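Coordinates from structure_2.txt are shown below (compact mmCIF, C-alpha atoms).
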# COMPACT_ATOMS: atom_id res chain seq x y z
CA MET A 1 -134.82 -54.03 -62.67
CA LEU A 2 -132.40 -56.93 -62.55
CA ASN A 3 -133.13 -59.63 -60.04
CA GLY A 4 -131.52 -62.93 -59.14
CA SER A 5 -133.18 -66.15 -58.07
CA VAL A 6 -134.12 -65.37 -54.48
CA GLY A 7 -133.46 -68.13 -52.00
CA SER A 8 -130.97 -70.12 -54.07
CA LEU A 9 -127.35 -69.99 -55.18
CA GLY A 10 -128.37 -69.55 -58.81
CA ILE A 11 -127.39 -66.14 -60.16
CA ALA A 12 -126.89 -64.60 -63.60
CA PRO A 13 -123.21 -64.15 -64.61
CA GLU A 14 -123.57 -60.38 -64.97
CA LEU A 15 -125.03 -60.10 -61.47
CA LEU A 16 -122.22 -62.30 -60.10
CA ALA A 17 -119.63 -59.87 -61.46
CA VAL A 18 -121.54 -56.87 -60.10
CA PHE A 19 -121.86 -58.37 -56.62
CA VAL A 20 -118.18 -59.42 -56.42
CA GLY A 21 -117.03 -55.98 -57.56
CA PHE A 22 -119.43 -54.18 -55.24
CA GLY A 23 -118.30 -56.39 -52.35
CA LEU A 24 -114.66 -55.44 -53.04
CA VAL A 25 -115.50 -51.74 -52.94
CA VAL A 26 -117.69 -51.98 -49.83
CA GLY A 27 -115.06 -54.11 -48.07
CA ILE A 28 -112.44 -51.38 -48.59
CA LEU A 29 -114.77 -48.75 -47.12
CA PHE A 30 -115.83 -51.00 -44.23
CA GLY A 31 -112.27 -51.88 -43.26
CA PHE A 32 -111.04 -48.29 -43.48
CA PHE A 33 -113.82 -46.41 -41.71
CA GLY A 34 -115.32 -49.17 -39.54
CA MET A 35 -118.40 -47.90 -41.37
CA GLY A 36 -119.16 -46.32 -44.68
CA GLY A 37 -120.09 -49.15 -47.06
CA SER A 38 -122.42 -51.74 -45.64
CA PHE A 39 -125.31 -49.28 -45.55
CA LEU A 40 -125.12 -49.04 -49.34
CA VAL A 41 -125.90 -52.73 -49.87
CA THR A 42 -129.53 -52.77 -48.70
CA PRO A 43 -130.73 -49.76 -50.75
CA ALA A 44 -128.90 -51.14 -53.79
CA LEU A 45 -130.71 -54.47 -53.42
CA LEU A 46 -134.04 -52.69 -52.95
CA MET A 47 -133.48 -50.74 -56.16
CA MET A 48 -132.58 -53.98 -57.94
CA GLY A 49 -136.05 -55.30 -57.11
CA TYR A 50 -135.39 -57.64 -54.20
CA PRO A 51 -138.11 -57.95 -51.50
CA PRO A 52 -137.43 -55.80 -48.38
CA ARG A 53 -136.82 -58.74 -46.03
CA VAL A 54 -134.34 -60.27 -48.50
CA ALA A 55 -132.56 -56.94 -49.05
CA VAL A 56 -132.27 -56.29 -45.31
CA GLY A 57 -131.48 -59.89 -44.32
CA SER A 58 -128.85 -60.37 -47.02
CA GLY A 59 -127.34 -57.01 -46.07
CA MET A 60 -127.05 -58.21 -42.47
CA ALA A 61 -125.40 -61.47 -43.54
CA PHE A 62 -122.91 -59.54 -45.67
CA VAL A 63 -122.17 -57.19 -42.76
CA PHE A 64 -121.41 -60.18 -40.53
CA GLY A 65 -118.91 -61.75 -42.93
CA THR A 66 -117.14 -58.48 -43.72
CA ALA A 67 -116.91 -57.48 -40.05
CA VAL A 68 -115.19 -60.76 -39.16
CA ILE A 69 -112.50 -60.13 -41.77
CA ALA A 70 -111.95 -56.47 -40.80
CA THR A 71 -111.98 -57.14 -37.02
CA LEU A 72 -109.13 -59.63 -37.32
CA LYS A 73 -106.97 -56.93 -38.90
CA HIS A 74 -107.92 -54.29 -36.29
CA HIS A 75 -107.17 -56.82 -33.54
CA ASP A 76 -103.65 -57.07 -34.92
CA LEU A 77 -103.39 -53.26 -34.66
CA GLY A 78 -104.54 -53.28 -31.01
CA GLN A 79 -107.66 -51.25 -31.74
CA VAL A 80 -110.36 -53.44 -30.11
CA ASP A 81 -111.78 -52.87 -26.58
CA TYR A 82 -113.39 -56.24 -25.87
CA LYS A 83 -114.96 -55.07 -22.59
CA LEU A 84 -116.83 -52.26 -24.38
CA GLY A 85 -117.85 -54.57 -27.21
CA GLY A 86 -119.11 -57.21 -24.80
CA ILE A 87 -121.31 -54.75 -22.90
CA MET A 88 -122.83 -53.46 -26.13
CA ILE A 89 -123.90 -56.91 -27.33
CA ALA A 90 -126.90 -57.19 -24.96
CA GLY A 91 -128.41 -53.85 -25.97
CA THR A 92 -127.69 -54.49 -29.64
CA THR A 93 -129.41 -57.88 -29.56
CA LEU A 94 -132.63 -56.41 -28.17
CA GLY A 95 -132.51 -53.53 -30.65
CA ILE A 96 -132.06 -55.85 -33.63
CA GLU A 97 -135.07 -57.95 -32.63
CA VAL A 98 -137.26 -54.84 -32.33
CA GLY A 99 -136.03 -53.58 -35.71
CA ARG A 100 -136.53 -56.96 -37.40
CA ALA A 101 -140.06 -57.30 -36.06
CA SER A 102 -140.82 -53.81 -37.37
CA VAL A 103 -139.64 -54.71 -40.88
CA PHE A 104 -141.78 -57.86 -41.02
CA TYR A 105 -144.82 -55.98 -39.70
CA LEU A 106 -144.42 -53.13 -42.22
CA GLU A 107 -143.82 -55.63 -45.02
CA ASP A 108 -147.16 -57.30 -44.25
CA LEU A 109 -148.74 -53.85 -44.61
CA GLY A 110 -146.91 -53.24 -47.89
CA LEU A 111 -145.05 -50.24 -46.46
CA ALA A 112 -141.57 -51.63 -45.68
CA GLY A 113 -139.74 -50.68 -48.88
CA GLY A 114 -140.84 -47.05 -48.88
CA ILE A 115 -140.29 -46.44 -45.16
CA ILE A 116 -136.84 -48.07 -45.18
CA SER A 117 -135.81 -45.95 -48.18
CA ILE A 118 -137.06 -42.75 -46.54
CA ALA A 119 -135.16 -43.63 -43.35
CA TYR A 120 -132.00 -44.09 -45.41
CA VAL A 121 -132.43 -40.69 -47.10
CA LEU A 122 -132.88 -38.89 -43.78
CA LEU A 123 -130.01 -40.67 -42.00
CA LEU A 124 -127.49 -40.57 -44.83
CA GLY A 125 -128.36 -37.00 -45.74
CA GLY A 126 -128.19 -35.72 -42.16
CA ILE A 127 -124.93 -37.42 -41.27
CA GLY A 128 -123.45 -36.63 -44.70
CA LEU A 129 -124.15 -32.92 -44.24
CA MET A 130 -122.56 -32.96 -40.78
CA VAL A 131 -119.42 -34.79 -41.90
CA THR A 132 -119.01 -32.67 -45.05
CA ARG A 133 -119.47 -29.43 -43.11
CA GLU A 134 -116.79 -30.46 -40.61
CA ALA A 135 -114.45 -31.47 -43.43
CA ILE A 136 -114.89 -28.15 -45.26
CA LYS A 137 -114.40 -26.19 -42.03
CA GLY A 138 -111.34 -28.26 -41.25
CA GLY A 139 -112.74 -29.04 -37.81
CA GLY A 140 -111.98 -31.97 -35.55
CA GLY A 141 -113.65 -35.32 -35.57
CA GLY A 142 -111.51 -36.84 -38.28
CA ILE A 143 -109.99 -40.26 -37.75
CA ASP A 144 -106.38 -39.74 -36.73
CA HIS A 145 -104.94 -43.12 -37.64
CA ASP A 146 -101.41 -41.97 -36.79
CA ALA A 147 -102.64 -41.74 -33.20
CA VAL A 148 -102.60 -45.53 -33.00
CA GLU A 149 -99.00 -45.12 -31.98
CA LYS A 150 -99.87 -42.71 -29.14
CA ASP A 151 -100.73 -43.39 -25.52
CA LEU A 152 -104.55 -43.50 -25.50
CA SER A 153 -104.56 -41.29 -22.39
CA GLU A 154 -103.41 -38.39 -24.59
CA TYR A 155 -106.80 -38.21 -26.36
CA GLU A 156 -108.97 -35.18 -25.70
CA ILE A 157 -112.46 -36.40 -24.79
CA PRO A 158 -115.21 -34.45 -26.63
CA ASP A 159 -117.23 -32.01 -24.50
CA THR A 160 -120.47 -33.94 -25.04
CA ALA A 161 -118.89 -37.15 -23.77
CA LYS A 162 -117.44 -35.32 -20.74
CA TRP A 163 -120.89 -33.95 -19.88
CA ILE A 164 -122.50 -37.40 -20.19
CA GLN A 165 -119.79 -39.02 -18.06
CA GLN A 166 -120.20 -36.40 -15.34
CA THR A 167 -124.02 -36.28 -15.44
CA ILE A 168 -125.05 -39.93 -15.88
CA ARG A 169 -123.26 -41.86 -13.16
CA ILE A 170 -125.71 -44.72 -12.63
CA PRO A 171 -123.85 -47.83 -11.43
CA PRO A 172 -122.28 -50.01 -12.51
CA MET A 173 -119.49 -47.73 -13.78
CA VAL A 174 -116.89 -49.27 -16.08
CA THR A 175 -113.41 -48.17 -17.11
CA LEU A 176 -112.57 -48.51 -20.80
CA ARG A 177 -109.35 -48.18 -22.77
CA GLY A 178 -107.98 -44.65 -22.70
CA ASP A 179 -108.99 -44.23 -19.02
CA VAL A 180 -112.60 -43.59 -20.02
CA ARG A 181 -115.03 -44.16 -17.11
CA VAL A 182 -118.73 -44.30 -17.98
CA SER A 183 -121.99 -45.87 -16.82
CA ALA A 184 -122.73 -49.26 -18.34
CA TRP A 185 -126.29 -47.99 -18.91
CA VAL A 186 -125.02 -45.32 -21.30
CA ILE A 187 -123.23 -47.99 -23.32
CA THR A 188 -126.32 -50.22 -23.33
CA PHE A 189 -128.57 -47.37 -24.49
CA VAL A 190 -126.23 -46.52 -27.37
CA ALA A 191 -126.11 -50.21 -28.31
CA PHE A 192 -129.92 -50.54 -28.28
CA LEU A 193 -130.43 -47.57 -30.61
CA THR A 194 -127.79 -48.72 -33.08
CA GLY A 195 -129.10 -52.30 -32.87
CA LEU A 196 -132.55 -50.98 -33.71
CA LEU A 197 -131.12 -49.33 -36.83
CA SER A 198 -129.22 -52.51 -37.71
CA GLY A 199 -132.32 -54.67 -37.53
CA PHE A 200 -134.53 -52.17 -39.36
CA LEU A 201 -132.16 -51.05 -42.12
CA GLY A 202 -129.95 -54.11 -42.54
CA VAL A 203 -126.75 -52.24 -41.70
CA GLY A 204 -124.00 -52.79 -39.19
CA GLY A 205 -124.97 -49.49 -37.58
CA GLY A 206 -121.36 -48.27 -37.69
CA PHE A 207 -122.11 -44.94 -39.33
CA ILE A 208 -124.28 -44.17 -36.29
CA ARG A 209 -122.47 -46.17 -33.58
CA MET A 210 -118.99 -44.79 -34.39
CA PRO A 211 -119.96 -41.13 -33.74
CA ALA A 212 -122.04 -42.27 -30.74
CA MET A 213 -119.05 -44.05 -29.16
CA ILE A 214 -116.79 -41.06 -29.77
CA TYR A 215 -119.10 -38.19 -28.81
CA GLY A 216 -121.44 -40.03 -26.42
CA ILE A 217 -119.13 -42.43 -24.59
CA GLY A 218 -115.78 -40.70 -25.17
CA VAL A 219 -113.93 -43.67 -26.71
CA PRO A 220 -110.66 -42.80 -28.55
CA VAL A 221 -111.25 -42.83 -32.29
CA PRO A 222 -108.94 -45.73 -33.30
CA VAL A 223 -110.45 -47.89 -30.55
CA ALA A 224 -113.96 -46.88 -31.63
CA VAL A 225 -113.23 -48.13 -35.17
CA GLY A 226 -111.94 -51.54 -34.07
CA THR A 227 -114.51 -52.06 -31.30
CA ASP A 228 -117.34 -51.07 -33.62
CA LEU A 229 -116.29 -53.78 -36.06
CA PHE A 230 -115.98 -56.33 -33.23
CA GLU A 231 -119.52 -55.53 -32.06
CA ILE A 232 -120.82 -55.70 -35.64
CA VAL A 233 -119.60 -59.30 -35.82
CA PHE A 234 -122.20 -60.20 -33.18
CA SER A 235 -124.99 -57.90 -34.37
CA GLY A 236 -124.51 -59.16 -37.91
CA ALA A 237 -124.56 -62.79 -36.79
CA ILE A 238 -127.71 -62.31 -34.72
CA GLY A 239 -129.47 -60.34 -37.45
CA SER A 240 -128.50 -62.88 -40.11
CA TYR A 241 -129.86 -65.75 -38.00
CA LEU A 242 -133.15 -63.98 -37.26
CA TYR A 243 -133.72 -62.99 -40.88
CA GLY A 244 -132.58 -66.39 -42.10
CA GLN A 245 -135.28 -68.01 -39.98
CA GLY A 246 -137.82 -66.00 -41.96
CA GLY A 247 -136.29 -66.75 -45.36
CA GLY A 248 -134.68 -63.32 -45.58
CA VAL A 249 -131.08 -64.33 -46.46
CA ASP A 250 -130.24 -65.09 -50.11
CA LEU A 251 -126.87 -66.85 -50.37
CA GLY A 252 -126.83 -66.08 -54.09
CA ILE A 253 -126.36 -62.45 -53.06
CA VAL A 254 -124.26 -62.86 -49.93
CA VAL A 255 -121.60 -65.28 -51.20
CA PRO A 256 -120.36 -63.22 -54.18
CA LEU A 257 -120.46 -60.03 -52.08
CA LEU A 258 -118.27 -61.71 -49.46
CA LEU A 259 -115.85 -63.01 -52.09
CA GLY A 260 -115.13 -59.43 -53.07
CA SER A 261 -115.14 -57.99 -49.56
CA ALA A 262 -112.70 -60.62 -48.23
CA LEU A 263 -109.92 -58.81 -50.07
CA GLY A 264 -111.37 -55.32 -49.76
CA ALA A 265 -111.76 -55.42 -45.96
CA ARG A 266 -108.13 -56.46 -45.46
CA VAL A 267 -106.93 -53.70 -47.78
CA GLY A 268 -109.10 -51.07 -46.11
CA SER A 269 -108.06 -52.12 -42.59
CA ALA A 270 -104.37 -52.11 -43.54
CA ALA A 271 -104.76 -48.61 -45.02
CA THR A 272 -105.68 -47.21 -41.59
CA ALA A 273 -102.04 -47.64 -40.52
CA VAL A 274 -100.66 -45.34 -43.25
CA VAL A 275 -103.41 -42.90 -44.24
CA ASP A 276 -104.48 -39.71 -42.47
CA ALA A 277 -108.25 -39.86 -42.90
CA ASP A 278 -108.67 -36.09 -42.44
CA GLY A 279 -107.64 -35.70 -46.06
CA ILE A 280 -110.33 -38.09 -47.22
CA LYS A 281 -113.14 -37.21 -44.80
CA ILE A 282 -114.82 -34.91 -47.29
CA TYR A 283 -115.12 -37.83 -49.73
CA PHE A 284 -116.83 -39.88 -47.04
CA GLY A 285 -119.33 -37.09 -46.38
CA GLY A 286 -119.88 -36.76 -50.12
CA MET A 287 -120.51 -40.48 -50.40
CA LEU A 288 -123.18 -40.28 -47.70
CA LEU A 289 -124.86 -37.36 -49.47
CA ALA A 290 -124.68 -39.15 -52.82
CA GLY A 291 -126.18 -42.24 -51.18
CA ALA A 292 -129.06 -40.16 -49.81
CA VAL A 293 -129.72 -38.60 -53.23
CA ALA A 294 -129.44 -41.99 -54.94
CA VAL A 295 -131.93 -43.69 -52.63
CA GLY A 296 -134.28 -40.73 -52.99
CA ILE A 297 -134.14 -40.83 -56.79
CA GLY A 298 -134.61 -44.60 -56.81
CA GLU A 299 -137.61 -44.39 -54.49
CA ILE A 300 -139.23 -41.67 -56.63
CA GLY A 301 -138.64 -43.81 -59.71
CA SER A 302 -140.23 -46.80 -58.02
CA TYR A 303 -143.21 -44.72 -56.85
CA VAL A 304 -143.94 -43.24 -60.29
CA GLY A 305 -143.01 -46.45 -62.14
CA ASN A 306 -140.04 -44.92 -63.98
CA PRO A 307 -137.26 -47.53 -64.47
CA VAL A 308 -134.83 -44.86 -65.73
CA LEU A 309 -134.87 -43.07 -62.38
CA GLU A 310 -134.44 -46.38 -60.58
CA THR A 311 -131.39 -47.14 -62.72
CA ILE A 312 -129.91 -43.68 -62.11
CA GLY A 313 -130.35 -44.15 -58.36
CA LEU A 314 -128.64 -47.55 -58.45
CA LEU A 315 -125.70 -46.19 -60.47
CA LEU A 316 -125.28 -43.30 -58.02
CA VAL A 317 -125.15 -45.71 -55.06
CA ILE A 318 -122.47 -47.85 -56.70
CA GLY A 319 -120.62 -44.84 -58.13
CA ALA A 320 -120.36 -43.09 -54.75
CA ALA A 321 -118.82 -46.18 -53.17
CA VAL A 322 -116.37 -46.67 -56.06
CA VAL A 323 -115.17 -43.05 -55.94
CA VAL A 324 -114.41 -43.10 -52.20
CA ALA A 325 -112.77 -46.54 -52.36
CA ALA A 326 -110.57 -45.30 -55.22
CA ALA A 327 -109.65 -42.22 -53.19
CA ILE A 328 -108.62 -44.43 -50.25
CA LEU A 329 -106.45 -46.62 -52.48
CA TYR A 330 -104.88 -43.59 -54.19
CA THR A 331 -104.08 -41.90 -50.87
CA THR A 332 -102.66 -45.15 -49.51
CA VAL A 333 -100.32 -45.56 -52.48
CA ILE A 334 -99.16 -41.94 -52.19
CA SER A 335 -98.57 -42.29 -48.43
CA LEU A 336 -96.57 -45.50 -48.91
CA ARG A 337 -94.54 -43.91 -51.70
CA GLU A 338 -93.73 -40.87 -49.54
CA SER A 339 -92.75 -43.07 -46.59
CA HIS A 340 -90.31 -45.05 -48.73
CA HIS A 341 -89.05 -42.03 -50.71
CA PRO A 342 -89.22 -38.99 -48.40
CA SER A 343 -88.77 -35.57 -49.93
CA PRO A 344 -85.37 -33.82 -49.37
CA SER A 345 -86.96 -31.38 -46.88
CA THR A 346 -88.34 -34.19 -44.69
CA ALA A 347 -85.21 -36.33 -45.02
CA ASP A 348 -82.97 -33.62 -43.53
Take the structure from the file and write it as structure tokens.
Amino acid sequence: MLNGSVGSLGIAPELLAVFVGFGLVVGILFGFFGMGGSFLVTPALLMMGYPPRVAVGSGMAFVFGTAVIATLKHHDLGQVDYKLGGIMIAGTTLGIEVGRASVFYLEDLGLAGGIISIAYVLLLGGIGLMVTREAIKGGGGGIDHDAVEKDLSEYEIPDTAKWIQQTIRIPPMVTLRGDVRVSAWVITFVAFLTGLLSGFLGVGGGFIRMPAMIYGIGVPVPVAVGTDLFEIVFSGAIGSYLYGQGGGVDLGIVVPLLLGSALGARVGSAATAVVDADGIKIYFGGMLLAGAVAVGIGEIGSYVGNPVLETIGLLLVIGAAVVVAAAILYTTVISLRESHHPSPSTAD
């Protein structure tokens, strides 16, 4: 498989173009969902032949840079709960350190690449099935971006979050945006688990933390998106520093990815103000499922020594991200066109 010069800024021109383009696509997904793209970077790097610590560490560094860009846009939209994000930082920091130590230990045993890939398959496949099933059923749980304009107190807290709030009342109790009152220990526990995933898989943890904040803590969805990105700024910074200390961050990978995502994250974040994500949720679930299949195929190819399967897996990872990013852009353009040129029935 293709590989760049690890540990330096030197990179082949064809890889430079691939990383910039991939960064653009992932940035769109990251800004729109507050999740949904960064977790594709690490498996793609693994399938390209990079060592596990470099794939995970560079993924963390990319997550950090992209989250900064996207958080600034969500701050402008009033979608960040800084109290919630601040509480989560402590638990996330501990979780990242445990996850990082696990990767280095497994790498010394020669098991890191395989175990990380298997974890990706299970997580992406499980969450992808859940999201796709809800989308097909037309159930709740979609991101209602129009609700940014509503009073947050109008949100209906999920039943699971209500049960947790009523059952686990260990002080100190904190009040979050949307009149959500929950134990700080619940927030810390959620942060530790997602930090563990961040440190072990090289992701921002958003595709786990977002549902956890909504269904576990009861945070309104728009606030969960913005706060998740704010928290990822810190988890990404901590993870990047820890991996960088061990030589796990390759700037030749991170810099071109960030060049692309700088534009993509702003576009994706801006799209949340005009797009109803219910119409695109099925694509997100499909992307997760495609990512699970891609990583599985790539891992099988690596295990049996078949470069064709590895290439197919890599193309599926990139293709899934491109399809969903294109769907977001298409839906955004249509929504903007309809808002500027309403149909006769809506204009009356």
Pick from A:Met60, A:Ala325, A:Val223, A:Leu46: nearest to Gly114 in chain A, with all atoms listed in the file counted?
-> A:Leu46
Compare A:Val174, A:Ala290, A:Leu24, A:Ala55 by their minimum atom-to-atom distance to Lys83 in chain A, counting only C-alpha atoms, and give me the closest one.
-> A:Val174
Using all atoms listed in the file, which of the listed residues (A:Leu72, A:Met173, A:Lys162, A:Glu310) sits closest to Met48 in chain A?
->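 Closest candidate: A:Glu310.
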In terms of the shortest atom-to-atom distance over only C-alpha atoms, which of A:Leu288, A:Ile282, A:Leu40, A:Val68 is closest to Phe230 in chain A?
->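 With only C-alpha atoms as the atom set, the closest residue is A:Val68.
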Extending 3 Å beyond the listed atoms of range 303-313 of chain A on each side, what axis-aligned box results? I want centre and edge lengths in Å to one decimal, as JSON.
{"center_x": -136.9, "center_y": -45.3, "center_z": -61.3, "size_x": 20.0, "size_y": 10.5, "size_z": 14.9}
Proximity to Thr71 in chain A - best of A:Leu329, A:Ile232, A:Val274, A:Val323, all atoms listed in the file |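 That would be A:Ile232, the residue with the smallest distance to Thr71 in chain A.
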Leaving out Val25 in chain A and any residue of its chain fewer than 2 positions from it, which residues lie within 8 Å of it when counting all atoms listed in the file, given as a ChimeraX atom specification?
-> /A:21-23,27-29,37,260-261,264,321-322,325
Suppose we keep C-alpha atoms; can you now write the selection as a PDB file, in the frame of the given file?
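And here is the file that came out, part-v2.pdb:
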ATOM      1  CA  GLY A  21    -117.030 -55.980 -57.560  1.00  0.00           C
ATOM      2  CA  PHE A  22    -119.430 -54.180 -55.240  1.00  0.00           C
ATOM      3  CA  GLY A  23    -118.300 -56.390 -52.350  1.00  0.00           C
ATOM      4  CA  GLY A  27    -115.060 -54.110 -48.070  1.00  0.00           C
ATOM      5  CA  ILE A  28    -112.440 -51.380 -48.590  1.00  0.00           C
ATOM      6  CA  LEU A  29    -114.770 -48.750 -47.120  1.00  0.00           C
ATOM      7  CA  GLY A  37    -120.090 -49.150 -47.060  1.00  0.00           C
ATOM      8  CA  GLY A 260    -115.130 -59.430 -53.070  1.00  0.00           C
ATOM      9  CA  SER A 261    -115.140 -57.990 -49.560  1.00  0.00           C
ATOM     10  CA  GLY A 264    -111.370 -55.320 -49.760  1.00  0.00           C
ATOM     11  CA  ALA A 321    -118.820 -46.180 -53.170  1.00  0.00           C
ATOM     12  CA  VAL A 322    -116.370 -46.670 -56.060  1.00  0.00           C
ATOM     13  CA  ALA A 325    -112.770 -46.540 -52.360  1.00  0.00           C
TER      14      ALA A 325
END
How far is it from CA of Ile164 in chain A to CA of Asp179 in chain A, in Å with one decimal?
-> 15.2 Å
Have a look at A:Gly298, A:Gly268, A:Gly216, A:Pro158 and name the one nearest to Gly31 in chain A; count all atoms listed in the file.
->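 Using all atoms listed in the file, the shortest distance to Gly31 in chain A belongs to A:Gly268.
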What is the distance between CA of Leu16 in chain A and CA of Leu45 in chain A, in Å to one decimal?
->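 Taking CA of Leu16 in chain A and CA of Leu45 in chain A, their separation equals 13.3 Å.
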Suppose you want the space between CA of Phe189 in chain A and CA of Gly291 in chain A; what is it in Å?
->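 The value is 27.3 Å.
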